[in-house]
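Trainee: My questions will all concern the structure given below.
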Amino acid sequence: MNQTDKPHQQASTLWSSRMAFILAAAGSAVGLGNIWKFPYITGENGGGAFVLVYLACIALIGIPVLIAETMIGRRGGRSPIGTMRHLTASEGTSRGWRAIGWNGVIASFLVLSFYSVIGGWSLVYIGKTAFGAFTGVDADAVGGQFGALLASPVQLLIWHSVFMAIVIFIVGRGIRGGLEKAVKLLMPILFVLLIVMVIYAMTTAGFSEGVNFLFSPDFSKLTTAGVLTALGHAAFTLSIGIGVLMAYGSYLPPNVNIAQTAISIAILDVAVALLAGLAIFPLVFANALEPGSGPGLIFVTLPLAFGQMPGGIFFGTLFFALLLVAAVTSAISMLEPVVEWLEEHKGANRFKSALFGGLAIWFIGIGTVLSFNIWDDVHPLSFIAAFEGQTVFDLLDFLVSNLMMPLGGLAIALFAGWAMQRARLPEDIGLQGAVYDGFMFVLRYVTPAGIAVVFLYNLI
Ligand code: PFF
């Protein structure tokens with residue numbers, strides 16, 4: 001083992017408490033996936049019935065991989081690449097499993113390159129709402145403003161750069177001084193902002209319609225595609241399969257119970273998704289807007305609602321601040337595997353690793369910036385029918401969300417369930433007896449089968 005390839009053993013490089021880790025991992029999980037995507041796909045897939053399937057998927061696929069990935073990370077105590085190199089040797093398994101580490105670091109690098117561009121939109125919308133850009137304007141004008149933002153490479157580049165600078169700054173300051181401080185401050189703010197939004201939503205005429213839309217199960221509306229969407233979203237929303245939890249797990253003190261911790265993280269993540277739905281849909285219905293309008297739901301329909309409601313400047317600014325907080329705490333988690341690997345492999349100090357890793361990601365992000373304007377007719381893989389008309393951004397999103405994340409999750413479940421030696425697992429995971437046996441059954445059979453089905457579905 002070379003000198004830069006040591007596990008984190010000093011207390012100062014570990015999370016200071018179980019709570020700090022929970023906030024950081026929940027910060028990673030809670031993001032655009034919860035606030036934008038979850039309400040929208042719920043609306044499209046039959047409301048309450050879809051929510052029940054999504055909850056089952058969180059329990060049977062999300063939580064087992066969350067536990068396995070964190071456990072692997074703590075056991076390895078290094079970056080995802082270093083951890084897998086170490087564990088394949090110490091567990092006596094095939095070296096092929098090392099691909100899990102590489103897949104994680106590369107996927108988190110790529111996902112941040114486009115997540116940052118979208119994170120930049122929330123910065124723009126905080127400013128626009130605060131300065132009253134939407135007050136009293138009509139739907140066409142709001143849509144026009146969103147279109148104008150996407151059409152401007154300079155604007156997108158500026159806000160992508162600002163967003164990446166925030167992320168680099170936080171990650172560069174280290175685990176305790178940067179990530180931990182940021183999530184301890186930002187996650188409670190996120191909760192308070194969400195609750196304020198839900199309380200406001202309760203006062204609108206659309207509240208009961210919103211609650212119905214989210215929670216009344218109508219199984220006749222649930223399709224096979226809906227079930228698969230729920231499965232895929234359960235993985236994305238918990239940030240599993242991408243090395244992030246392995247990296248965060250490597251800083252986890254040995255005495256923390258991983259199973260209990262993972263369940264707390266999943267509960268927080270689901271709570272935020274449900275609260276976001278309760279905050280957003282009443283506004284949509286009270287203003288007779290279209291619930292299933294995709295990216296437009298947040299950036300087009302909601303500003304319209306904010307522009308018309310009393311106190312709209314306040315609540316609108318609050319809402320986009322919330323989106324920014326959620327996006328930042330997810331983005332810092334995406335930079336961590338890359339930084340941890342640079343520190344370990346290149347021996348660079350933390351700040352330099354964050355700066356160089358972040359700059360490289362920023363550079364790749366320019367591809368996404370241009371996808372919305374100058375390169376909007378560049379379709380690199382259009383010679384393959386399935387990718388016809390897909391921009392650089394569409395392809396990156398597909399590669400990470402539909403290929404690298406599910407494959408990573410599948411490999412993690414198989415590695416922990418089948419390849420690792422069993423002796424220390426119950427203690428490492430924090431489960432015993434029949435509960436442990438039940439968990440292992442799910443991890444070995446149910447989870448891989450579930451992921452394989454989603455993966456194949458997304459491919460065809
Ligand atoms: N879980 C985040 C969300 O729901 O928005 C997305 C995400 C974060 C994906 C971190 C991947 C990742 F590594």
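Each chain in the structure tokens gets a letter, A, B and so on, in the order shown; residues start at 1 in every chain, and ligands are counted from 1 in the order they appear.
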Show which residues sit within 8 Å of range 139-144 of chain A, as a PyMOL selection string. Count only C-alpha atoms, and ignore same-chain residues fewer than 4 positions away.
Mentor: chain A and resi 134+148+300-301+303-304
Trainee: How close does chain A get to ligand 1? List, as CSV, each residue of chain A within 6 Å, its nearest atom pair and the distance in Å to one decimal, counting only C-alpha atoms and all ligand atoms.
Mentor:
residue,atom,partner,partner_atom_place_in_ligand_line,distance
A:Ser28,CA,ligand 1,8 (C),5.1
A:Ala29,CA,ligand 1,1 (N),3.7
A:Val30,CA,ligand 1,4 (O),5.0
A:Gly31,CA,ligand 1,5 (O),3.3
A:Leu32,CA,ligand 1,5 (O),3.9
A:Gly33,CA,ligand 1,4 (O),3.4
A:Asn34,CA,ligand 1,4 (O),5.2
A:Ser108,CA,ligand 1,13 (F),5.5
A:Phe236,CA,ligand 1,1 (N),5.3
A:Thr237,CA,ligand 1,4 (O),3.5
A:Leu238,CA,ligand 1,1 (N),4.9
A:Ser239,CA,ligand 1,11 (C),4.2
A:Ile242,CA,ligand 1,13 (F),5.4
A:Val244,CA,ligand 1,13 (F),5.3
A:Ser330,CA,ligand 1,8 (C),4.8
A:Met334,CA,ligand 1,13 (F),4.9
Trainee: Keeping only N, CA and C atoms, write the selected residues to a file as a short mmCIF file (atom, residue, chain, number, x, y, z; two decimals), in the first residue's frame.
Mentor:
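Dumped everything to out_32.cif:
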data_model
loop_
_atom_site.label_atom_id
_atom_site.label_comp_id
_atom_site.auth_asym_id
_atom_site.auth_seq_id
_atom_site.Cartn_x
_atom_site.Cartn_y
_atom_site.Cartn_z
N SER A 28 -27.61 14.79 0.30
CA SER A 28 -27.32 14.25 -1.03
C SER A 28 -28.59 13.70 -1.67
N ALA A 29 -29.37 13.00 -0.87
CA ALA A 29 -30.58 12.37 -1.41
C ALA A 29 -31.62 13.41 -1.82
N VAL A 30 -31.82 14.41 -0.96
CA VAL A 30 -32.85 15.41 -1.23
C VAL A 30 -32.33 16.41 -2.26
N GLY A 31 -32.96 16.44 -3.41
CA GLY A 31 -32.50 17.37 -4.45
C GLY A 31 -33.61 17.65 -5.44
N LEU A 32 -33.19 17.97 -6.66
CA LEU A 32 -34.19 18.26 -7.70
C LEU A 32 -35.13 17.08 -7.88
N GLY A 33 -34.60 15.88 -7.63
CA GLY A 33 -35.41 14.66 -7.75
C GLY A 33 -36.64 14.73 -6.86
N ASN A 34 -36.50 15.25 -5.65
CA ASN A 34 -37.63 15.32 -4.72
C ASN A 34 -38.57 16.47 -5.03
N SER A 108 -20.17 10.14 -10.85
CA SER A 108 -20.43 11.33 -10.04
C SER A 108 -19.80 12.56 -10.69
N PHE A 236 -32.65 6.85 -7.89
CA PHE A 236 -32.09 8.18 -8.15
C PHE A 236 -32.23 9.06 -6.91
N THR A 237 -33.40 9.02 -6.29
CA THR A 237 -33.65 9.96 -5.19
C THR A 237 -32.78 9.66 -3.97
N LEU A 238 -32.35 8.40 -3.80
CA LEU A 238 -31.49 8.09 -2.65
C LEU A 238 -30.00 8.21 -2.98
N SER A 239 -29.66 8.64 -4.20
CA SER A 239 -28.26 8.80 -4.65
C SER A 239 -27.46 7.51 -4.53
N ILE A 242 -23.64 5.19 -7.08
CA ILE A 242 -22.81 6.15 -7.81
C ILE A 242 -21.54 6.52 -7.02
N VAL A 244 -21.26 7.89 -4.18
CA VAL A 244 -21.41 9.00 -3.24
C VAL A 244 -21.53 8.47 -1.80
N SER A 330 -26.87 18.31 -2.67
CA SER A 330 -26.68 17.13 -3.53
C SER A 330 -25.38 17.26 -4.31
N MET A 334 -21.72 14.95 -4.90
CA MET A 334 -21.23 14.42 -6.18
C MET A 334 -19.75 14.72 -6.39
#
Trainee: Quick one: of A:Leu399, A:Met84, A:Met420, A:Ala24, who's nearest to Arg176 in chain A, counting only C-alpha atoms?
Mentor: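 Closest candidate: A:Ala24.
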Trainee: Quick one: residues within 12 Å of Phe356 in chain A, only C-alpha atoms counted, chain neighbours fewer than 6 positions away excluded, as a PyMOL selection string?
Mentor: chain A and resi 109+164-165+168-169+171-172+335+338-339+341-343+346+348-350+362-363
Trainee: List as a list in words the protein and nucleic acid residues near range 231-233 of chain A, meaning an atom at most 7 Å away when only C-alpha atoms are counted, but skip any in the same chain fewer than 2 places from it.
Mentor: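 Once the adjacent positions are removed, what remains is Tyr54, Cys57, Val227, Leu228, Thr229, Ala235, Phe236, Thr237 and Val454 of chain A.
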Trainee: Since we have the selection now, will you write its residues out, keeping C-alpha atoms, as a JSON list (two decimals), in the first residue's frame?
Mentor:
[["chain", "number", "residue", "atom", "x", "y", "z"],
["A", 54, "TYR", "CA", -42.54, 4.12, -4.81],
["A", 57, "CYS", "CA", -39.29, 0.34, -3.96],
["A", 227, "VAL", "CA", -44.14, 0.80, -11.58],
["A", 228, "LEU", "CA", -40.81, 0.92, -13.39],
["A", 229, "THR", "CA", -40.68, 4.70, -13.10],
["A", 235, "ALA", "CA", -32.69, 4.67, -6.81],
["A", 236, "PHE", "CA", -32.09, 8.18, -8.15],
["A", 237, "THR", "CA", -33.65, 9.96, -5.19],
["A", 454, "VAL", "CA", -35.63, -1.39, -14.44]]
Trainee: Name the closest residue to Thr329 in chain A among the candidates A:Glu91, A:Glu427, A:Glu344, A:Glu180; distances are taken between atoms, counting only C-alpha atoms.
Mentor: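 Counting only C-alpha atoms, the residue closest to Thr329 in chain A is A:Glu180.
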